[in-house]
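structure38.txt, holding compact mmCIF, N, CA and C atoms:
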# COMPACT_ATOMS: atom_id res chain seq x y z
N MET L 275 14.57 -76.34 52.55
CA MET L 275 13.20 -76.19 52.13
C MET L 275 12.83 -77.40 51.26
N THR L 276 11.65 -77.90 51.45
CA THR L 276 11.16 -79.05 50.71
C THR L 276 10.01 -78.64 49.82
N ASP L 277 10.08 -79.03 48.56
CA ASP L 277 8.97 -78.76 47.65
C ASP L 277 8.04 -79.96 47.66
N TYR L 278 6.76 -79.71 47.68
CA TYR L 278 5.79 -80.79 47.63
C TYR L 278 4.50 -80.26 47.02
N VAL L 279 3.69 -81.17 46.56
CA VAL L 279 2.39 -80.84 46.00
C VAL L 279 1.34 -81.51 46.87
N ALA L 280 0.46 -80.71 47.40
CA ALA L 280 -0.63 -81.27 48.22
C ALA L 280 -1.70 -81.82 47.29
N GLU L 281 -2.09 -83.05 47.55
CA GLU L 281 -3.15 -83.67 46.75
C GLU L 281 -4.41 -83.74 47.59
N TYR L 282 -5.50 -83.31 47.01
CA TYR L 282 -6.76 -83.38 47.73
C TYR L 282 -7.17 -84.83 47.91
N THR L 283 -7.70 -85.15 49.05
CA THR L 283 -8.15 -86.51 49.31
C THR L 283 -9.66 -86.57 49.46
N VAL L 284 -10.32 -85.45 49.17
CA VAL L 284 -11.77 -85.38 49.31
C VAL L 284 -12.37 -84.75 48.06
N SER L 285 -13.44 -85.34 47.55
CA SER L 285 -14.24 -84.76 46.48
C SER L 285 -15.63 -84.50 47.05
N THR L 286 -16.32 -83.53 46.49
CA THR L 286 -17.66 -83.21 47.01
C THR L 286 -18.70 -83.30 45.91
N VAL L 287 -19.91 -83.67 46.34
CA VAL L 287 -21.07 -83.70 45.46
C VAL L 287 -22.19 -82.98 46.19
N VAL L 288 -22.78 -81.99 45.53
CA VAL L 288 -23.88 -81.23 46.13
C VAL L 288 -25.19 -81.91 45.74
N LEU L 289 -26.02 -82.17 46.74
CA LEU L 289 -27.31 -82.82 46.51
C LEU L 289 -28.40 -81.78 46.31
N PRO L 290 -29.42 -82.10 45.51
CA PRO L 290 -30.47 -81.12 45.25
C PRO L 290 -31.38 -80.85 46.45
N ASP L 291 -31.57 -81.83 47.33
CA ASP L 291 -32.50 -81.63 48.45
C ASP L 291 -32.30 -82.68 49.54
N GLU L 292 -33.01 -82.51 50.65
CA GLU L 292 -32.93 -83.43 51.78
C GLU L 292 -33.44 -84.82 51.43
N GLU L 293 -34.44 -84.89 50.56
CA GLU L 293 -35.00 -86.19 50.17
C GLU L 293 -33.92 -87.06 49.52
N MET L 294 -33.09 -86.45 48.68
CA MET L 294 -32.03 -87.20 48.01
C MET L 294 -31.01 -87.70 49.03
N LYS L 295 -30.73 -86.91 50.06
CA LYS L 295 -29.82 -87.36 51.11
C LYS L 295 -30.39 -88.61 51.78
N GLY L 296 -31.69 -88.61 52.04
CA GLY L 296 -32.34 -89.78 52.64
C GLY L 296 -32.28 -90.99 51.74
N ARG L 297 -32.43 -90.80 50.44
CA ARG L 297 -32.34 -91.92 49.49
C ARG L 297 -30.94 -92.51 49.45
N ILE L 298 -29.93 -91.64 49.53
CA ILE L 298 -28.55 -92.11 49.50
C ILE L 298 -28.24 -92.90 50.76
N ILE L 299 -28.73 -92.44 51.89
CA ILE L 299 -28.52 -93.18 53.14
C ILE L 299 -29.25 -94.51 53.08
N GLY L 300 -30.51 -94.49 52.67
CA GLY L 300 -31.30 -95.71 52.55
C GLY L 300 -31.80 -96.19 53.90
N ARG L 301 -32.68 -97.17 53.85
CA ARG L 301 -33.24 -97.75 55.06
C ARG L 301 -32.12 -98.38 55.88
N GLU L 302 -32.01 -97.96 57.11
CA GLU L 302 -31.00 -98.45 58.06
C GLU L 302 -29.58 -98.33 57.51
N GLY L 303 -29.36 -97.37 56.61
CA GLY L 303 -28.02 -97.11 56.09
C GLY L 303 -27.53 -98.09 55.05
N ARG L 304 -28.44 -98.89 54.48
CA ARG L 304 -27.98 -99.94 53.57
C ARG L 304 -27.41 -99.38 52.26
N ASN L 305 -27.98 -98.28 51.74
CA ASN L 305 -27.47 -97.74 50.48
C ASN L 305 -26.08 -97.13 50.64
N ILE L 306 -25.90 -96.39 51.71
CA ILE L 306 -24.60 -95.76 51.92
C ILE L 306 -23.52 -96.82 52.16
N ARG L 307 -23.84 -97.88 52.87
CA ARG L 307 -22.88 -98.97 53.08
C ARG L 307 -22.57 -99.68 51.76
N ALA L 308 -23.59 -99.89 50.93
CA ALA L 308 -23.38 -100.54 49.63
C ALA L 308 -22.49 -99.67 48.74
N PHE L 309 -22.69 -98.35 48.79
CA PHE L 309 -21.88 -97.45 47.98
C PHE L 309 -20.42 -97.46 48.44
N GLU L 310 -20.21 -97.41 49.75
CA GLU L 310 -18.85 -97.43 50.27
C GLU L 310 -18.16 -98.75 49.93
N ARG L 311 -18.88 -99.84 50.02
CA ARG L 311 -18.32 -101.16 49.70
C ARG L 311 -17.97 -101.25 48.21
N ALA L 312 -18.86 -100.76 47.35
CA ALA L 312 -18.65 -100.88 45.90
C ALA L 312 -17.52 -99.97 45.40
N THR L 313 -17.35 -98.80 46.04
CA THR L 313 -16.37 -97.83 45.54
C THR L 313 -15.06 -97.83 46.31
N GLY L 314 -15.10 -98.26 47.57
CA GLY L 314 -13.90 -98.23 48.40
C GLY L 314 -13.58 -96.86 48.95
N VAL L 315 -14.53 -95.94 48.94
CA VAL L 315 -14.33 -94.62 49.53
C VAL L 315 -15.22 -94.46 50.76
N GLU L 316 -14.87 -93.51 51.60
CA GLU L 316 -15.69 -93.19 52.75
C GLU L 316 -16.58 -92.01 52.41
N ILE L 317 -17.83 -92.07 52.89
CA ILE L 317 -18.78 -90.99 52.65
C ILE L 317 -19.04 -90.25 53.95
N GLU L 318 -18.99 -88.93 53.87
CA GLU L 318 -19.36 -88.08 55.00
C GLU L 318 -20.48 -87.17 54.53
N LEU L 319 -21.57 -87.14 55.30
CA LEU L 319 -22.70 -86.30 54.96
C LEU L 319 -22.59 -84.98 55.70
N ASP L 320 -22.87 -83.89 55.01
CA ASP L 320 -22.82 -82.55 55.58
C ASP L 320 -24.24 -82.06 55.82
N GLU L 321 -24.41 -81.15 56.75
CA GLU L 321 -25.73 -80.58 57.03
C GLU L 321 -26.29 -79.82 55.83
N ALA L 322 -25.42 -79.30 54.99
CA ALA L 322 -25.85 -78.45 53.87
C ALA L 322 -26.07 -79.24 52.58
N ASN L 323 -26.51 -80.48 52.68
CA ASN L 323 -26.76 -81.32 51.50
C ASN L 323 -25.53 -81.48 50.61
N VAL L 324 -24.38 -81.62 51.25
CA VAL L 324 -23.13 -81.85 50.54
C VAL L 324 -22.58 -83.19 51.01
N ILE L 325 -22.13 -84.00 50.07
CA ILE L 325 -21.51 -85.28 50.39
C ILE L 325 -20.03 -85.16 50.09
N HIS L 326 -19.20 -85.59 51.05
CA HIS L 326 -17.76 -85.60 50.88
C HIS L 326 -17.33 -87.05 50.67
N LEU L 327 -16.61 -87.29 49.60
CA LEU L 327 -16.09 -88.62 49.28
C LEU L 327 -14.60 -88.60 49.60
N SER L 328 -14.17 -89.45 50.50
CA SER L 328 -12.80 -89.42 50.99
C SER L 328 -12.05 -90.70 50.64
N SER L 329 -10.88 -90.52 50.01
CA SER L 329 -10.00 -91.64 49.68
C SER L 329 -8.66 -91.08 49.22
N PHE L 330 -7.58 -91.78 49.54
CA PHE L 330 -6.26 -91.37 49.06
C PHE L 330 -6.06 -91.75 47.59
N ASP L 331 -6.87 -92.68 47.10
CA ASP L 331 -6.78 -93.13 45.71
C ASP L 331 -7.63 -92.21 44.84
N SER L 332 -6.99 -91.37 44.04
CA SER L 332 -7.72 -90.37 43.26
C SER L 332 -8.61 -90.99 42.18
N VAL L 333 -8.21 -92.11 41.60
CA VAL L 333 -9.04 -92.76 40.59
C VAL L 333 -10.29 -93.34 41.25
N ARG L 334 -10.12 -93.99 42.35
CA ARG L 334 -11.25 -94.56 43.09
C ARG L 334 -12.23 -93.45 43.50
N ARG L 335 -11.67 -92.33 43.96
CA ARG L 335 -12.50 -91.20 44.37
C ARG L 335 -13.27 -90.63 43.18
N GLU L 336 -12.64 -90.53 42.02
CA GLU L 336 -13.32 -90.00 40.83
C GLU L 336 -14.41 -90.96 40.35
N ILE L 337 -14.17 -92.25 40.41
CA ILE L 337 -15.20 -93.23 40.06
C ILE L 337 -16.39 -93.06 40.99
N ALA L 338 -16.13 -92.88 42.27
CA ALA L 338 -17.20 -92.69 43.25
C ALA L 338 -17.98 -91.41 42.97
N ARG L 339 -17.27 -90.33 42.67
CA ARG L 339 -17.94 -89.04 42.39
C ARG L 339 -18.84 -89.14 41.17
N ARG L 340 -18.31 -89.70 40.10
CA ARG L 340 -19.12 -89.83 38.88
C ARG L 340 -20.31 -90.77 39.10
N SER L 341 -20.08 -91.85 39.83
CA SER L 341 -21.17 -92.80 40.11
C SER L 341 -22.26 -92.15 40.93
N LEU L 342 -21.87 -91.40 41.95
CA LEU L 342 -22.85 -90.74 42.80
C LEU L 342 -23.66 -89.72 42.01
N GLU L 343 -23.00 -88.96 41.14
CA GLU L 343 -23.72 -88.00 40.32
C GLU L 343 -24.73 -88.70 39.40
N LYS L 344 -24.35 -89.84 38.85
CA LYS L 344 -25.27 -90.61 38.00
C LYS L 344 -26.47 -91.11 38.81
N LEU L 345 -26.19 -91.61 40.03
CA LEU L 345 -27.27 -92.10 40.88
C LEU L 345 -28.23 -90.99 41.26
N VAL L 346 -27.70 -89.82 41.57
CA VAL L 346 -28.55 -88.67 41.93
C VAL L 346 -29.42 -88.28 40.74
N HIS L 347 -28.83 -88.28 39.55
CA HIS L 347 -29.59 -87.92 38.35
C HIS L 347 -30.67 -88.97 38.05
N ASP L 348 -30.33 -90.23 38.22
CA ASP L 348 -31.24 -91.34 37.93
C ASP L 348 -32.35 -91.47 38.98
N ARG L 349 -32.03 -91.13 40.24
CA ARG L 349 -32.94 -91.16 41.38
C ARG L 349 -33.32 -92.57 41.85
N ARG L 350 -32.86 -93.61 41.15
CA ARG L 350 -33.12 -94.99 41.60
C ARG L 350 -31.90 -95.45 42.38
N ILE L 351 -31.97 -95.31 43.69
CA ILE L 351 -30.81 -95.63 44.51
C ILE L 351 -31.15 -96.82 45.39
N GLN L 352 -30.54 -97.95 45.05
CA GLN L 352 -30.70 -99.19 45.80
C GLN L 352 -29.43 -100.00 45.58
N PRO L 353 -29.11 -100.92 46.48
CA PRO L 353 -27.82 -101.63 46.40
C PRO L 353 -27.51 -102.25 45.03
N GLY L 354 -28.46 -102.90 44.39
CA GLY L 354 -28.21 -103.51 43.08
C GLY L 354 -27.88 -102.47 42.03
N ARG L 355 -28.61 -101.38 42.05
CA ARG L 355 -28.38 -100.29 41.08
C ARG L 355 -27.04 -99.62 41.35
N ILE L 356 -26.68 -99.47 42.62
CA ILE L 356 -25.38 -98.88 42.98
C ILE L 356 -24.26 -99.70 42.38
N ASP L 357 -24.31 -101.02 42.57
CA ASP L 357 -23.27 -101.90 42.02
C ASP L 357 -23.18 -101.78 40.50
N GLU L 358 -24.33 -101.72 39.85
CA GLU L 358 -24.37 -101.61 38.38
C GLU L 358 -23.75 -100.30 37.90
N ILE L 359 -24.14 -99.18 38.51
CA ILE L 359 -23.62 -97.87 38.11
C ILE L 359 -22.11 -97.77 38.37
N VAL L 360 -21.66 -98.26 39.53
CA VAL L 360 -20.23 -98.20 39.85
C VAL L 360 -19.43 -99.03 38.86
N GLU L 361 -19.91 -100.20 38.51
CA GLU L 361 -19.19 -101.05 37.55
C GLU L 361 -19.14 -100.39 36.17
N ASN L 362 -20.25 -99.81 35.72
CA ASN L 362 -20.26 -99.10 34.43
C ASN L 362 -19.30 -97.92 34.45
N THR L 363 -19.28 -97.18 35.52
CA THR L 363 -18.39 -96.02 35.64
C THR L 363 -16.93 -96.47 35.67
N ARG L 364 -16.65 -97.58 36.34
CA ARG L 364 -15.29 -98.11 36.39
C ARG L 364 -14.81 -98.50 34.98
N ARG L 365 -15.70 -99.10 34.19
CA ARG L 365 -15.34 -99.46 32.80
C ARG L 365 -15.09 -98.21 31.97
N GLU L 366 -15.93 -97.17 32.15
CA GLU L 366 -15.73 -95.91 31.43
C GLU L 366 -14.38 -95.29 31.78
N MET L 367 -14.04 -95.30 33.07
CA MET L 367 -12.77 -94.73 33.51
C MET L 367 -11.59 -95.55 32.96
N ASP L 368 -11.71 -96.86 32.92
CA ASP L 368 -10.66 -97.69 32.35
C ASP L 368 -10.44 -97.34 30.89
N HIS L 369 -11.53 -97.09 30.17
CA HIS L 369 -11.44 -96.72 28.76
C HIS L 369 -10.74 -95.37 28.60
N VAL L 370 -11.06 -94.43 29.46
CA VAL L 370 -10.47 -93.09 29.39
C VAL L 370 -8.99 -93.12 29.78
N LEU L 371 -8.65 -93.88 30.81
CA LEU L 371 -7.27 -93.89 31.32
C LEU L 371 -6.33 -94.77 30.52
N PHE L 372 -6.86 -95.86 29.96
CA PHE L 372 -5.98 -96.81 29.30
C PHE L 372 -6.36 -96.90 27.88

Rewrite the structure of this file - the entire thing - as structure tokens.
Amino acid sequence: MTDYVAEYTVSTVVLPDEEMKGRIIGREGRNIRAFERATGVEIELDEANVIHLSSFDSVRREIARRSLEKLVHDRRIQPGRIDEIVENTRREMDHVLF
């Protein structure tokens, strides 16, 4: 018998409405691509206004989750703002972890 601990590789963020899902996707998918590039995680959109953030790196996934929650709260979702929020969140996480 082998003992092991299963680690989740997906985090979820619930969106308030369909409009927010459209903002996250952006025109021609530019916002979602910018977010994936900045965070290094994959985004999967669910029909029920749920976003799944997928990555084997738990720190990267947590940075993405916190960044996405900040962007949803702020409602200003555009590539430049995404980069700014992700970088700020990465610095906060570095402070917490180290």

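For the set L:Val315, L:Val370, L:Val287, L:Ile299, the residue with the smallest atom-to-atom gap to Leu342 (chain L) is L:Val287, counting only C-alpha atoms.
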
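Put simply, atom C of Pro290 (chain L) is 12.0 Å away from CA of Glu321 (chain L).
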
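Considering all atoms listed in the file, the residue among L:Asn305, L:Thr363, L:Ser329, L:Gln352 positioned nearest to Ser285 (chain L) is L:Ser329.
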
Note to self: If DSSP is run on the backbone, what residues of region 302-331 of chain L are strand (DSSP E or B)? A reply as a ChimeraX atom specification would be ideal.
What the structure shows: /L:316-319,324-328

Using N, CA and C atoms, can you write the selected residues to a file as a CSV table (one decimal), in the frame of the given file?
chain,number,residue,atom,x,y,z
L,316,GLU,N,-14.9,-93.5,51.6
L,316,GLU,CA,-15.7,-93.2,52.8
L,316,GLU,C,-16.6,-92.0,52.4
L,317,ILE,N,-17.8,-92.1,52.9
L,317,ILE,CA,-18.8,-91.0,52.6
L,317,ILE,C,-19.0,-90.2,54.0
L,318,GLU,N,-19.0,-88.9,53.9
L,318,GLU,CA,-19.4,-88.1,55.0
L,318,GLU,C,-20.5,-87.2,54.5
L,319,LEU,N,-21.6,-87.1,55.3
L,319,LEU,CA,-22.7,-86.3,55.0
L,319,LEU,C,-22.6,-85.0,55.7
L,324,VAL,N,-24.4,-81.6,51.2
L,324,VAL,CA,-23.1,-81.8,50.5
L,324,VAL,C,-22.6,-83.2,51.0
L,325,ILE,N,-22.1,-84.0,50.1
L,325,ILE,CA,-21.5,-85.3,50.4
L,325,ILE,C,-20.0,-85.2,50.1
L,326,HIS,N,-19.2,-85.6,51.0
L,326,HIS,CA,-17.8,-85.6,50.9
L,326,HIS,C,-17.3,-87.0,50.7
L,327,LEU,N,-16.6,-87.3,49.6
L,327,LEU,CA,-16.1,-88.6,49.3
L,327,LEU,C,-14.6,-88.6,49.6
L,328,SER,N,-14.2,-89.4,50.5
L,328,SER,CA,-12.8,-89.4,51.0
L,328,SER,C,-12.0,-90.7,50.6

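Minimum atom-to-atom distance to Val360 (chain L), evaluated using only C-alpha atoms, belongs to L:Arg339 out of L:Phe330, L:Arg339, L:Glu318, L:His347.
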
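Shortest atom-to-atom contact with Arg364 (chain L) among L:Leu289, L:Ile351, L:Leu345, L:Ile337: L:Ile337, counting all atoms listed in the file.
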
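Considering only C-alpha atoms, the residue among L:Arg311, L:Arg355, L:Arg334, L:Arg350 positioned nearest to Met367 (chain L) is L:Arg334.
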
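Taking atom N of Glu358 (chain L) and CA of Ala322 (chain L) as the two end points, the separation is 27.2 Å.
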
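If you measure from each of L:Val346, L:Ile306, L:Ile317, L:Ile356 to Met294 (chain L) using all atoms listed in the file, the closest one turns out to be L:Val346.
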
Check: Please, which residues of region 309-344 of chain L, numbered as in this document, come out helix (DSSP H, G or I) from DSSP, as a VMD selection string?
Finding: chain L and resid 309 to 313 332 to 344

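Straight-line separation from CA of Pro353 (chain L) to atom C of Glu293 (chain L): 16.1 Å.
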
Return as JSON the centre and edge lengths, in Å with one decimal, of the box along x, y and z that encloses every atom of region 332-338 of chain L in the file, padded by 6 Å per side.
{"center_x": -12.5, "center_y": -92.3, "center_z": 42.2, "size_x": 23.0, "size_y": 16.6, "size_z": 16.3}

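Summary of the local environment: counting only C-alpha atoms, residues at most 10 Å from Asp291 (chain L), other than itself and those fewer than 4 positions away along its chain, are Lys295, Gly296, Ala322, Asn323 and Val324 of chain L.
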
Please output region 347-358 of chain L, rebuilt to include all heavy atoms, as a CSV table (one decimal), keeping the file's coordinate frame.
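Written output follows (selection34.csv):
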chain,number,residue,atom,x,y,z
L,347,HIS,N,-28.8,-88.3,39.6
L,347,HIS,CA,-29.6,-87.9,38.4
L,347,HIS,C,-30.7,-89.0,38.0
L,347,HIS,O,-31.8,-88.6,37.7
L,347,HIS,CB,-28.6,-87.8,37.2
L,347,HIS,CG,-29.3,-87.4,35.9
L,347,HIS,ND1,-29.8,-86.2,35.6
L,347,HIS,CD2,-29.6,-88.2,34.8
L,347,HIS,CE1,-30.4,-86.2,34.4
L,347,HIS,NE2,-30.3,-87.4,33.9
L,348,ASP,N,-30.3,-90.2,38.2
L,348,ASP,CA,-31.2,-91.3,37.9
L,348,ASP,C,-32.4,-91.5,39.0
L,348,ASP,O,-33.5,-91.9,38.7
L,348,ASP,CB,-30.4,-92.6,37.9
L,348,ASP,CG,-31.2,-93.8,37.4
L,348,ASP,OD1,-32.0,-93.7,36.5
L,348,ASP,OD2,-31.1,-94.9,38.1
L,349,ARG,N,-32.0,-91.1,40.2
L,349,ARG,CA,-32.9,-91.2,41.4
L,349,ARG,C,-33.3,-92.6,41.8
L,349,ARG,O,-34.0,-92.7,42.8
L,349,ARG,CB,-34.2,-90.3,41.1
L,349,ARG,CG,-33.9,-88.9,40.8
L,349,ARG,CD,-35.1,-88.0,40.8
L,349,ARG,NE,-35.7,-87.8,42.1
L,349,ARG,CZ,-35.3,-86.9,43.0
L,349,ARG,NH1,-34.3,-86.1,42.7
L,349,ARG,NH2,-36.0,-86.7,44.1
L,350,ARG,N,-32.9,-93.6,41.2
L,350,ARG,CA,-33.1,-95.0,41.6
L,350,ARG,C,-31.9,-95.4,42.4
L,350,ARG,O,-30.9,-95.9,41.8
L,350,ARG,CB,-33.4,-95.9,40.4
L,350,ARG,CG,-34.6,-95.6,39.7
L,350,ARG,CD,-34.8,-96.6,38.6
L,350,ARG,NE,-33.8,-96.4,37.5
L,350,ARG,CZ,-33.5,-97.3,36.6
L,350,ARG,NH1,-34.1,-98.5,36.6
L,350,ARG,NH2,-32.6,-97.1,35.7
L,351,ILE,N,-32.0,-95.3,43.7
L,351,ILE,CA,-30.8,-95.6,44.5
L,351,ILE,C,-31.2,-96.8,45.4
L,351,ILE,O,-32.0,-96.7,46.3
L,351,ILE,CB,-30.4,-94.4,45.4
L,351,ILE,CG1,-30.1,-93.2,44.5
L,351,ILE,CG2,-29.2,-94.8,46.2
L,351,ILE,CD1,-29.8,-91.9,45.2
L,352,GLN,N,-30.5,-98.0,45.0
L,352,GLN,CA,-30.7,-99.2,45.8
L,352,GLN,C,-29.4,-100.0,45.6
L,352,GLN,O,-28.7,-99.8,44.6
L,352,GLN,CB,-31.9,-100.0,45.3
L,352,GLN,CG,-31.9,-100.2,43.8
L,352,GLN,CD,-33.3,-100.6,43.4
L,352,GLN,OE1,-34.3,-100.4,44.0
L,352,GLN,NE2,-33.4,-101.1,42.1
L,353,PRO,N,-29.1,-100.9,46.5
L,353,PRO,CA,-27.8,-101.6,46.4
L,353,PRO,C,-27.5,-102.2,45.0
L,353,PRO,O,-26.4,-102.1,44.5
L,353,PRO,CB,-27.9,-102.7,47.5
L,353,PRO,CG,-28.8,-102.0,48.5
L,353,PRO,CD,-29.8,-101.3,47.7
L,354,GLY,N,-28.5,-102.9,44.4
L,354,GLY,CA,-28.2,-103.5,43.1
L,354,GLY,C,-27.9,-102.5,42.0
L,354,GLY,O,-27.0,-102.7,41.2
L,355,ARG,N,-28.6,-101.4,42.0
L,355,ARG,CA,-28.4,-100.3,41.1
L,355,ARG,C,-27.0,-99.6,41.4
L,355,ARG,O,-26.3,-99.2,40.4
L,355,ARG,CB,-29.5,-99.3,41.2
L,355,ARG,CG,-29.5,-98.2,40.2
L,355,ARG,CD,-29.8,-98.7,38.8
L,355,ARG,NE,-29.8,-97.5,37.9
L,355,ARG,CZ,-29.4,-97.6,36.6
L,355,ARG,NH1,-29.0,-98.7,36.1
L,355,ARG,NH2,-29.4,-96.5,35.9
L,356,ILE,N,-26.7,-99.5,42.6
L,356,ILE,CA,-25.4,-98.9,43.0
L,356,ILE,C,-24.3,-99.7,42.4
L,356,ILE,O,-23.4,-99.2,41.7
L,356,ILE,CB,-25.2,-98.8,44.5
L,356,ILE,CG1,-26.2,-97.7,45.1
L,356,ILE,CG2,-23.8,-98.5,44.9
L,356,ILE,CD1,-26.4,-97.7,46.6
L,357,ASP,N,-24.3,-101.0,42.6
L,357,ASP,CA,-23.3,-101.9,42.0
L,357,ASP,C,-23.2,-101.8,40.5
L,357,ASP,O,-22.1,-101.7,39.9
L,357,ASP,CB,-23.5,-103.4,42.4
L,357,ASP,CG,-23.3,-103.6,43.9
L,357,ASP,OD1,-22.6,-102.8,44.6
L,357,ASP,OD2,-23.9,-104.6,44.4
L,358,GLU,N,-24.3,-101.7,39.8
L,358,GLU,CA,-24.4,-101.6,38.4
L,358,GLU,C,-23.8,-100.3,37.9
L,358,GLU,O,-22.9,-100.3,37.0
L,358,GLU,CB,-25.8,-101.7,37.9
L,358,GLU,CG,-26.0,-101.6,36.5
L,358,GLU,CD,-27.5,-101.6,36.1
L,358,GLU,OE1,-28.3,-102.2,36.8
L,358,GLU,OE2,-27.9,-101.0,35.1
